[in-house]
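Colleague: Contents of coords-v2.cif (mmCIF, C-alpha atoms and all ligand atoms) are below:
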```cif
data_entry
loop_
_atom_site.label_atom_id
_atom_site.label_comp_id
_atom_site.auth_asym_id
_atom_site.auth_seq_id
_atom_site.Cartn_x
_atom_site.Cartn_y
_atom_site.Cartn_z
CA MET M 64 -1.97 15.04 2.55
CA ALA M 65 0.10 13.05 0.06
CA VAL M 66 -2.79 12.47 -2.36
CA THR M 67 -4.17 15.98 -1.90
CA TYR M 68 -0.87 17.64 -2.79
CA GLU M 69 -0.47 15.29 -5.73
CA CYS M 70 -3.84 16.48 -7.09
CA ALA M 71 -2.35 19.98 -7.24
CA ALA M 72 1.05 18.87 -8.59
CA ALA M 73 -0.01 16.12 -11.03
CA GLU M 74 0.67 18.01 -14.24
CA ARG M 75 4.24 18.69 -13.12
CA THR M 76 5.05 15.33 -11.54
CA ALA M 77 3.64 13.01 -14.23
CA SER M 78 5.66 12.09 -17.32
CA ASP M 79 3.71 14.66 -19.42
CA VAL M 80 0.88 17.16 -18.99
CA ALA M 81 -1.82 14.96 -20.58
CA THR M 82 -0.94 12.07 -18.27
CA GLY M 83 -0.91 14.46 -15.32
CA ARG M 84 -4.40 15.61 -16.23
CA LEU M 85 -5.61 11.99 -16.22
CA VAL M 86 -3.92 11.36 -12.87
CA ARG M 87 -5.71 14.37 -11.42
CA ARG M 88 -9.01 13.28 -13.00
CA ILE M 89 -9.06 10.08 -10.95
CA LEU M 90 -7.08 11.22 -7.91
CA VAL M 91 -9.43 14.12 -7.04
CA PRO M 92 -12.46 11.91 -6.26
CA LEU M 93 -10.15 9.53 -4.38
CA ALA M 94 -8.70 12.38 -2.32
CA LYS M 95 -12.15 13.75 -1.54
CA MET M 96 -13.38 10.33 -0.50
CA ARG M 97 -10.35 9.62 1.68
CA CYS M 98 -9.79 13.04 3.28
CA THR M 99 -13.40 13.78 4.20
CA ARG M 100 -13.87 10.36 5.79
CA MET M 101 -10.56 10.67 7.69
CA ALA M 102 -11.49 14.17 8.85
CA LEU M 103 -14.64 12.78 10.40
CA GLY M 104 -12.64 10.17 12.31
CA ALA M 105 -10.05 12.78 13.31
CA ALA M 106 -12.74 15.16 14.59
CA SER M 107 -14.33 12.35 16.59
CA THR M 108 -10.96 11.40 18.12
CA ALA M 109 -10.12 15.04 18.86
CA LEU M 110 -13.45 15.44 20.62
CA GLU M 111 -12.71 12.39 22.73
CA VAL M 112 -9.35 13.84 23.85
CA PHE M 113 -11.46 16.39 25.78
CA GLY M 114 -13.52 13.63 27.38
CA GLY M 115 -17.05 14.64 28.37
CA ASN M 116 -16.19 18.31 27.82
CA GLY M 117 -15.60 17.52 24.15
CA TYR M 118 -19.22 16.52 23.75
CA MET M 119 -20.62 19.59 25.52
CA GLU M 120 -21.45 22.63 23.43
CA ASP M 121 -19.39 24.85 25.84
CA TRP M 122 -16.37 23.71 23.81
CA PRO M 123 -15.93 23.96 20.02
CA MET M 124 -15.26 20.24 19.48
CA ALA M 125 -18.86 19.15 18.97
CA ARG M 126 -19.16 21.71 16.21
CA GLN M 127 -15.94 20.42 14.59
CA LEU M 128 -17.44 16.96 14.48
CA ARG M 129 -20.75 18.21 13.10
CA ASP M 130 -18.98 20.24 10.41
CA ALA M 131 -16.76 17.29 9.49
CA GLN M 132 -19.89 15.23 8.86
CA CYS M 133 -20.93 17.81 6.29
CA HIS M 134 -17.75 17.33 4.23
CA THR M 135 -18.47 13.69 3.43
CA ILE M 136 -21.73 14.92 1.90
CA TRP M 137 -21.01 18.21 0.18
CA GLU M 138 -17.68 17.16 -1.33
CA GLY M 139 -19.68 14.37 -3.00
CA THR M 140 -20.96 11.38 -1.06
CA GLU M 141 -18.75 8.30 -1.04
CA ASN M 142 -21.05 6.37 -3.35
CA ILE M 143 -21.04 9.16 -5.90
CA LEU M 144 -17.24 9.61 -5.68
CA CYS M 145 -16.73 5.86 -6.23
CA ILE M 146 -19.04 6.04 -9.27
CA ASP M 147 -16.95 8.98 -10.50
CA VAL M 148 -13.76 6.91 -10.16
CA ARG M 149 -15.46 4.22 -12.25
CA ARG M 150 -16.49 6.82 -14.83
CA ALA M 151 -12.88 8.06 -15.08
CA MET M 152 -11.73 4.48 -15.61
CA ARG M 153 -14.30 3.52 -18.20
CA GLY M 154 -14.33 6.78 -20.11
CA GLU M 155 -10.67 7.77 -20.03
CA GLN M 156 -8.70 4.82 -18.66
CA ALA M 157 -7.44 7.28 -16.07
CA HIS M 158 -6.47 4.50 -13.65
CA LEU M 159 -3.68 3.42 -16.01
CA ALA M 160 -2.13 6.89 -15.80
CA LEU M 161 -2.43 6.81 -12.01
CA LEU M 162 -0.88 3.36 -11.73
CA ALA M 163 1.99 4.40 -14.02
CA ARG M 164 2.55 7.53 -11.90
CA MET M 165 2.69 5.38 -8.77
CA GLU M 166 5.22 3.00 -10.38
CA GLN M 167 7.29 6.10 -11.18
CA ALA M 168 7.03 7.13 -7.51
CA LEU M 169 8.26 3.72 -6.38
CA ASP M 170 11.20 3.85 -8.81
CA THR M 171 12.56 6.90 -6.98
CA ALA M 172 13.14 4.74 -3.90
CA ALA M 173 15.50 2.31 -5.63
CA GLY M 174 18.80 2.12 -3.78
CA HIS M 175 17.43 3.22 -0.39
CA LYS M 176 17.87 0.14 1.78
CA VAL M 177 15.76 1.62 4.57
CA LEU M 178 12.78 1.76 2.17
CA ALA M 179 13.17 -1.71 0.65
CA THR M 180 10.47 -3.53 2.67
CA THR M 181 8.03 -0.65 2.32
CA VAL M 182 8.56 -0.55 -1.44
CA ASP M 183 7.82 -4.29 -1.68
CA THR M 184 4.59 -3.85 0.29
CA VAL M 185 3.43 -0.91 -1.81
CA ALA M 186 4.38 -2.72 -5.04
CA GLY M 187 2.17 -5.62 -3.90
CA ALA M 188 -0.77 -3.24 -3.39
CA LEU M 189 -0.22 -1.69 -6.83
CA ALA M 190 -0.17 -5.17 -8.39
CA ASP M 191 -3.45 -5.93 -6.58
CA ALA M 192 -4.95 -2.70 -7.92
CA ARG M 193 -3.96 -3.65 -11.49
CA THR M 194 -5.46 -7.12 -11.14
CA ALA M 195 -8.65 -5.76 -9.57
CA ALA M 196 -9.01 -3.14 -12.33
CA SER M 197 -8.73 -5.82 -15.04
CA TYR M 198 -11.30 -7.94 -13.24
CA LEU M 199 -13.75 -5.05 -12.92
CA GLU M 200 -13.35 -4.18 -16.62
CA SER M 201 -14.84 -7.52 -17.61
CA ALA M 202 -17.24 -7.91 -14.66
CA SER M 203 -20.99 -7.34 -15.05
CA ASP M 204 -22.25 -3.84 -14.26
CA ASP M 205 -23.95 -4.79 -11.00
CA ILE M 206 -20.88 -6.63 -9.69
CA ALA M 207 -18.58 -3.77 -10.74
CA LEU M 208 -20.81 -1.28 -8.92
CA LEU M 209 -20.99 -3.55 -5.88
CA GLN M 210 -17.18 -3.60 -5.69
CA SER M 211 -16.55 0.01 -6.71
CA ARG M 212 -16.08 1.25 -3.15
CA ARG M 213 -13.62 -1.51 -2.24
CA PHE M 214 -11.71 -0.79 -5.43
CA ALA M 215 -11.60 2.97 -4.76
CA GLU M 216 -10.27 2.24 -1.25
CA LEU M 217 -7.55 -0.02 -2.66
CA LEU M 218 -6.53 2.56 -5.24
CA ALA M 219 -6.42 5.32 -2.61
CA ASP M 220 -4.35 3.16 -0.23
CA ALA M 221 -1.86 2.12 -2.92
CA SER M 222 -1.51 5.70 -4.18
CA GLU M 223 -0.89 7.01 -0.67
CA GLY M 224 1.75 4.35 -0.05
CA ALA M 225 3.56 5.10 -3.32
CA LEU M 226 3.53 8.86 -2.77
CA LEU M 227 4.82 8.49 0.79
CA VAL M 228 7.68 6.33 -0.46
CA GLU M 229 8.53 8.98 -3.07
CA GLN M 230 8.50 11.70 -0.41
CA ALA M 231 10.63 9.50 1.85
CA ALA M 232 13.23 9.03 -0.91
CA TRP M 233 13.25 12.78 -1.52
CA ALA M 234 13.83 13.56 2.17
CA LEU M 235 16.63 10.98 2.38
CA ASP M 236 18.32 12.32 -0.76
CA ARG M 237 18.01 15.97 0.16
CA ASP M 238 18.47 16.03 3.93
CA GLY M 239 19.51 12.52 4.92
CA ASP M 240 16.29 12.53 6.98
CA ALA M 241 14.58 9.16 7.55
CA ARG M 242 11.47 10.50 9.32
CA LYS M 243 9.26 10.20 6.22
CA ALA M 244 10.69 6.72 5.63
CA ALA M 245 9.37 5.83 9.09
CA ILE M 246 5.97 7.32 8.21
CA ALA M 247 5.84 5.42 4.91
CA ARG M 248 6.79 2.20 6.64
CA ARG M 249 4.16 2.69 9.30
CA PHE M 250 1.51 3.47 6.67
CA ALA M 251 2.37 0.40 4.61
CA SER M 252 2.34 -1.94 7.59
CA ARG M 253 -0.96 -0.53 8.90
CA HIS M 254 -2.88 -0.11 5.66
CA LEU M 255 -1.33 -2.27 2.94
CA ALA M 256 0.06 -5.38 4.65
CA THR M 257 -2.04 -8.12 6.22
CA PRO M 258 -0.42 -8.53 9.63
CA VAL M 259 -0.43 -11.81 11.54
CA LEU M 260 -2.88 -11.66 14.49
CA ARG M 261 -3.80 -8.10 13.43
CA GLY M 262 -0.27 -7.01 14.36
CA ILE M 263 -0.85 -7.58 18.08
CA THR M 264 2.24 -9.78 18.40
CA ASP M 265 4.39 -7.56 16.16
CA PRO M 266 7.43 -6.55 18.31
CA ASP M 267 7.99 -3.30 16.35
CA ARG M 268 8.51 -0.48 18.89
CA MET M 269 8.90 2.32 16.37
CA VAL M 270 5.97 4.45 17.52
CA LEU M 271 7.01 4.05 21.16
CA ASP M 272 10.70 4.78 20.71
CA LEU M 273 10.38 7.48 18.02
CA PHE M 274 7.14 9.11 19.15
CA GLU M 275 8.56 12.61 19.65
CA PRO M 276 10.36 12.99 16.28
CA LEU M 277 7.46 11.34 14.47
CA VAL M 278 4.76 13.65 15.79
CA ARG M 279 6.92 16.79 16.09
CA TYR M 280 8.67 16.56 12.72
CA GLY M 281 12.08 15.82 14.18
CA GLN M 282 14.90 14.45 12.05
CA LEU M 283 15.77 10.74 12.02
CA GLU M 284 18.78 8.75 10.82
CA ASP M 285 18.53 5.56 8.75
CA SER M 286 20.00 3.76 11.75
CA ASP M 287 17.04 4.89 13.94
CA LEU M 288 14.81 2.57 11.94
CA ALA M 289 15.36 -1.10 12.69
CA ALA M 290 15.49 -3.24 9.51
C1 LIG M 301 -24.30 22.66 4.34
C2 LIG M 301 -24.40 22.33 2.89
C3 LIG M 301 -23.97 23.26 1.94
C4 LIG M 301 -24.05 22.98 0.57
N1 LIG M 301 -23.59 23.92 -0.31
C5 LIG M 301 -23.70 23.69 -1.64
C6 LIG M 301 -23.24 24.66 -2.60
O1 LIG M 301 -22.73 25.71 -2.24
N2 LIG M 301 -23.35 24.37 -3.92
C7 LIG M 301 -23.92 23.21 -4.35
O2 LIG M 301 -23.99 22.99 -5.55
N3 LIG M 301 -24.34 22.28 -3.45
C8 LIG M 301 -24.26 22.48 -2.13
N4 LIG M 301 -24.69 21.52 -1.23
C9 LIG M 301 -25.36 20.33 -1.76
C10 LIG M 301 -24.44 19.13 -1.73
O3 LIG M 301 -23.56 19.21 -2.82
C11 LIG M 301 -25.34 17.87 -1.81
O4 LIG M 301 -26.05 17.78 -0.59
C12 LIG M 301 -24.53 16.63 -2.05
O5 LIG M 301 -23.98 16.63 -3.35
C13 LIG M 301 -25.38 15.36 -1.89
O6 LIG M 301 -26.49 15.41 -2.74
P1 LIG M 301 -27.95 15.25 -2.15
O7 LIG M 301 -28.08 16.04 -0.88
O8 LIG M 301 -28.90 15.51 -3.26
O9 LIG M 301 -28.04 13.72 -1.71
P2 LIG M 301 -28.55 12.52 -2.60
O10 LIG M 301 -27.96 12.58 -3.99
O11 LIG M 301 -30.04 12.44 -2.49
O12 LIG M 301 -27.87 11.31 -1.85
C14 LIG M 301 -28.46 10.68 -0.72
C15 LIG M 301 -27.77 9.35 -0.51
O13 LIG M 301 -27.97 8.50 -1.64
C16 LIG M 301 -26.76 8.05 -2.16
N5 LIG M 301 -26.86 8.00 -3.62
C17 LIG M 301 -27.36 8.96 -4.46
N6 LIG M 301 -27.28 8.57 -5.74
C18 LIG M 301 -26.71 7.33 -5.72
C19 LIG M 301 -26.36 6.38 -6.74
N7 LIG M 301 -26.57 6.64 -8.04
N8 LIG M 301 -25.79 5.22 -6.37
C20 LIG M 301 -25.59 4.95 -5.05
N9 LIG M 301 -25.90 5.79 -4.04
C21 LIG M 301 -26.45 6.96 -4.37
C22 LIG M 301 -25.70 9.08 -1.73
O14 LIG M 301 -24.43 8.46 -1.63
C23 LIG M 301 -26.25 9.49 -0.36
O15 LIG M 301 -25.78 8.60 0.62
C24 LIG M 301 -24.59 21.75 0.14
C25 LIG M 301 -25.00 20.80 1.09
C26 LIG M 301 -24.89 21.07 2.43
C27 LIG M 301 -25.32 20.02 3.42
#
```
How would this structure read if it were set down as structure tokens?
Ligand SMILES: Cc1cc2nc3c(=O)[nH]c(=O)nc-3n(C[C@H](O)[C@H](O)[C@H](O)COP(=O)(O)OP(=O)(O)OC[C@H]3O[C@@H](n4cnc5c(N)ncnc54)[C@H](O)[C@@H]3O)c2cc1C

Modeller:
Amino acid sequence: MAVTYECAAAERTASDVATGRLVRRILVPLAKMRCTRMALGAASTALEVFGGNGYMEDWPMARQLRDAQCHTIWEGTENILCIDVRRAMRGEQAHLALLARMEQALDTAAGHKVLATTVDTVAGALADARTAASYLESASDDIALLQSRRFAELLADASEGALLVEQAAWALDRDGDARKAAIARRFASRHLATPVLRGITDPDRMVLDLFEPLVRYGQLEDSDLAA
């Protein structure tokens, strides 16, 4: 949702309209790649909630899954979207505009203690994306193509993290609500950090203790989130 809305808002949220256009140029293929693939996973999980009934055609879930499979094709297959990201980088240097926009998003979180760890994690992912982009610029064509999907995934992850942090700062500033800060933290720890033992021994109980407000859009205080 964060990257999709940013595609619509880019010309207003970037430092100027031309930069916003470049952000949108590269973020649209990333959003299509990410959202269609996630929708397929979500449809599969939703089907499973119904157990065996989910699979049977008596219920609409099988159709949801079948339709979701279409989106990863007709929105542009992943390979083609990754090639499009590469085209936007080589032709227009659009990734630089995106990375600058994400730095701007992270800057909004300065001063929010509850976001400090998340900001550090996202900043690390953005630094990785910059380093990877420089490497790919000087890599041979076949190597750059080979890595284009991994790079697109990294750029999508880092962008999502930065936008979630920005939204979290906005919700804290406007409403004193830390729910989005919890979401951003969860996203960063699941998708951007490399947890020890895959996170199995991580004692964090956030999703157990805050399940209701997290899934039902309840309000949270800073103090609800352990440091
Ligand atoms: C239900 C449905 C409705 C549709 N409606 C429309 C419509 O209204 N308007 C419209 O214009 N189109 C429509 N399409 C077409 C859709 O846009 C294409 O199916 C889609 O773009 C994929 O192209 P393709 O089928 O030619 O697959 P191909 O291009 O043949 O791709 C097959 C596989 O090869 C891979 N591949 C292809 N080229 C490369 C490459 N250079 N490098 C690496 N891998 C590659 C792809 O990733 C894919 O996995 C529809 C498709 C479906 C299924």

Colleague: Report as a PyMOL selection string which protein, DNA and RNA residues come within 8 Å of ligand LIG 301 (chain M), using all atoms listed in the file.

Modeller: chain M and resi 133+136-143+146

Colleague: Excluding same-chain residues fewer than 6 positions from region 72-82 of chain M, what lies within 12 Å of it counting all atoms listed in the file, as a list of chain:residue names?

Modeller: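 In the requested form, the answer reads M:Ala65, M:Val66, M:Arg88, M:Ile89, M:Leu90, M:Val91, M:Glu155, M:Gln156, M:Ala157, M:His158, M:Leu159, M:Ala160, M:Leu161, M:Leu162, M:Ala163, M:Arg164, M:Met165, M:Glu166, M:Gln167, M:Ala168, M:Leu226, M:Glu229.
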
Colleague: Residues as selected, C-alpha atoms, written as a PDB file, keeping the file's coordinate frame, can you do that?

Modeller:
```pdb
ATOM      1  CA  ALA M  65       0.100  13.050   0.060  1.00  0.00           C
ATOM      2  CA  VAL M  66      -2.790  12.470  -2.360  1.00  0.00           C
ATOM      3  CA  ARG M  88      -9.010  13.280 -13.000  1.00  0.00           C
ATOM      4  CA  ILE M  89      -9.060  10.080 -10.950  1.00  0.00           C
ATOM      5  CA  LEU M  90      -7.080  11.220  -7.910  1.00  0.00           C
ATOM      6  CA  VAL M  91      -9.430  14.120  -7.040  1.00  0.00           C
ATOM      7  CA  GLU M 155     -10.670   7.770 -20.030  1.00  0.00           C
ATOM      8  CA  GLN M 156      -8.700   4.820 -18.660  1.00  0.00           C
ATOM      9  CA  ALA M 157      -7.440   7.280 -16.070  1.00  0.00           C
ATOM     10  CA  HIS M 158      -6.470   4.500 -13.650  1.00  0.00           C
ATOM     11  CA  LEU M 159      -3.680   3.420 -16.010  1.00  0.00           C
ATOM     12  CA  ALA M 160      -2.130   6.890 -15.800  1.00  0.00           C
ATOM     13  CA  LEU M 161      -2.430   6.810 -12.010  1.00  0.00           C
ATOM     14  CA  LEU M 162      -0.880   3.360 -11.730  1.00  0.00           C
ATOM     15  CA  ALA M 163       1.990   4.400 -14.020  1.00  0.00           C
ATOM     16  CA  ARG M 164       2.550   7.530 -11.900  1.00  0.00           C
ATOM     17  CA  MET M 165       2.690   5.380  -8.770  1.00  0.00           C
ATOM     18  CA  GLU M 166       5.220   3.000 -10.380  1.00  0.00           C
ATOM     19  CA  GLN M 167       7.290   6.100 -11.180  1.00  0.00           C
ATOM     20  CA  ALA M 168       7.030   7.130  -7.510  1.00  0.00           C
ATOM     21  CA  LEU M 226       3.530   8.860  -2.770  1.00  0.00           C
ATOM     22  CA  GLU M 229       8.530   8.980  -3.070  1.00  0.00           C
TER      23      GLU M 229
END
```

Colleague: Closest to Cys145 (chain M) among M:Val185, M:Ala106, M:Ala215, M:Leu209, using all atoms listed in the file?

Modeller: M:Ala215

Colleague: Can you tell me, as a PyMOL selection string, what residues are no more than 10 Å from Leu218 (chain M) when counting only C-alpha atoms, ignoring any on the same chain fewer than 3 positions away?

Modeller: chain M and resi 89-90+93+148+158+161-162+188-189+191-193+195-196+212-215+221-224

Colleague: So, with all atoms listed in the file as the atoms that count, which of M:Cys98, M:Leu144, M:Ala151, M:Gly104 lies closest to Val86 (chain M)?

Modeller: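 Smallest separation from Val86 (chain M) among the options: M:Ala151.
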
Colleague: Just give me the gap between CA of Glu200 (chain M) and CA of Arg153 (chain M) in Å, one decimal is fine.

Modeller: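 For CA of Glu200 (chain M) relative to CA of Arg153 (chain M), the distance reads 7.9 Å.
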
Colleague: Between CA of Ala241 (chain M) and CA of Thr171 (chain M), what is the spacing in Å?

Modeller: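 Between CA of Thr171 (chain M) and CA of Ala241 (chain M) the gap is 14.8 Å.
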
Colleague: If I take CA of Met101 (chain M) and CA of Val270 (chain M), how far is one from the other in Å, to one decimal?

Modeller: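 Separation of CA of Met101 (chain M) and CA of Val270 (chain M): 20.2 Å.
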
Colleague: Where atoms are absent from region 103-125 of chain M, fill them in so it carries N, CA, C and O atoms, then output it as a short mmCIF file (atom, residue, chain, number, x, y, z; two decimals), in the frame of the given file.

Modeller:
```cif
data_model
loop_
_atom_site.label_atom_id
_atom_site.label_comp_id
_atom_site.auth_asym_id
_atom_site.auth_seq_id
_atom_site.Cartn_x
_atom_site.Cartn_y
_atom_site.Cartn_z
N LEU M 103 -13.56 13.12 9.47
CA LEU M 103 -14.64 12.78 10.40
C LEU M 103 -14.10 11.96 11.57
O LEU M 103 -14.41 12.22 12.74
N GLY M 104 -13.26 10.99 11.26
CA GLY M 104 -12.64 10.17 12.31
C GLY M 104 -11.73 11.02 13.19
O GLY M 104 -11.72 10.88 14.43
N ALA M 105 -10.97 11.93 12.55
CA ALA M 105 -10.05 12.78 13.31
C ALA M 105 -10.82 13.70 14.24
O ALA M 105 -10.43 13.90 15.41
N ALA M 106 -11.95 14.26 13.75
CA ALA M 106 -12.74 15.16 14.59
C ALA M 106 -13.33 14.39 15.78
O ALA M 106 -13.36 14.88 16.90
N SER M 107 -13.77 13.17 15.52
CA SER M 107 -14.33 12.35 16.59
C SER M 107 -13.27 12.04 17.64
O SER M 107 -13.51 12.13 18.86
N THR M 108 -12.05 11.70 17.18
CA THR M 108 -10.96 11.40 18.12
C THR M 108 -10.57 12.66 18.90
O THR M 108 -10.34 12.60 20.12
N ALA M 109 -10.50 13.79 18.20
CA ALA M 109 -10.12 15.04 18.86
C ALA M 109 -11.13 15.40 19.94
O ALA M 109 -10.76 15.83 21.04
N LEU M 110 -12.40 15.18 19.63
CA LEU M 110 -13.45 15.44 20.62
C LEU M 110 -13.23 14.57 21.87
O LEU M 110 -13.35 15.04 23.00
N GLU M 111 -12.87 13.33 21.62
CA GLU M 111 -12.71 12.39 22.73
C GLU M 111 -11.53 12.75 23.63
O GLU M 111 -11.53 12.43 24.83
N VAL M 112 -10.51 13.41 23.05
CA VAL M 112 -9.35 13.84 23.85
C VAL M 112 -9.84 14.74 25.00
O VAL M 112 -9.27 14.73 26.10
N PHE M 113 -10.90 15.49 24.75
CA PHE M 113 -11.46 16.39 25.78
C PHE M 113 -12.42 15.67 26.73
O PHE M 113 -13.03 16.30 27.59
N GLY M 114 -12.61 14.37 26.52
CA GLY M 114 -13.52 13.63 27.38
C GLY M 114 -14.95 14.16 27.25
O GLY M 114 -15.37 14.58 26.17
N GLY M 115 -15.66 14.18 28.38
CA GLY M 115 -17.05 14.64 28.37
C GLY M 115 -17.17 16.09 27.91
O GLY M 115 -18.14 16.46 27.25
N ASN M 116 -16.15 16.90 28.24
CA ASN M 116 -16.19 18.31 27.82
C ASN M 116 -16.25 18.43 26.30
O ASN M 116 -16.83 19.37 25.77
N GLY M 117 -15.62 17.48 25.61
CA GLY M 117 -15.60 17.52 24.15
C GLY M 117 -17.00 17.45 23.58
O GLY M 117 -17.29 18.06 22.55
N TYR M 118 -17.85 16.71 24.24
CA TYR M 118 -19.22 16.52 23.75
C TYR M 118 -20.09 17.74 24.02
O TYR M 118 -21.04 18.01 23.28
N MET M 119 -19.77 18.46 25.11
CA MET M 119 -20.62 19.59 25.52
C MET M 119 -20.43 20.77 24.56
O MET M 119 -19.36 21.00 24.03
N GLU M 120 -21.49 21.52 24.37
CA GLU M 120 -21.45 22.63 23.43
C GLU M 120 -20.64 23.82 23.97
O GLU M 120 -20.39 24.78 23.26
N ASP M 121 -20.22 23.77 25.28
CA ASP M 121 -19.39 24.85 25.84
C ASP M 121 -18.05 24.93 25.11
O ASP M 121 -17.37 25.94 25.13
N TRP M 122 -17.64 23.79 24.52
CA TRP M 122 -16.37 23.71 23.81
C TRP M 122 -16.67 23.63 22.30
O TRP M 122 -17.75 23.25 21.90
N PRO M 123 -15.64 23.96 21.49
CA PRO M 123 -15.93 23.96 20.02
C PRO M 123 -15.88 22.59 19.36
O PRO M 123 -16.13 22.47 18.18
N MET M 124 -15.52 21.53 20.13
CA MET M 124 -15.26 20.24 19.48
C MET M 124 -16.51 19.62 18.85
O MET M 124 -16.44 19.01 17.78
N ALA M 125 -17.64 19.76 19.52
CA ALA M 125 -18.86 19.15 18.97
C ALA M 125 -19.17 19.76 17.61
O ALA M 125 -19.59 19.07 16.68
#
```
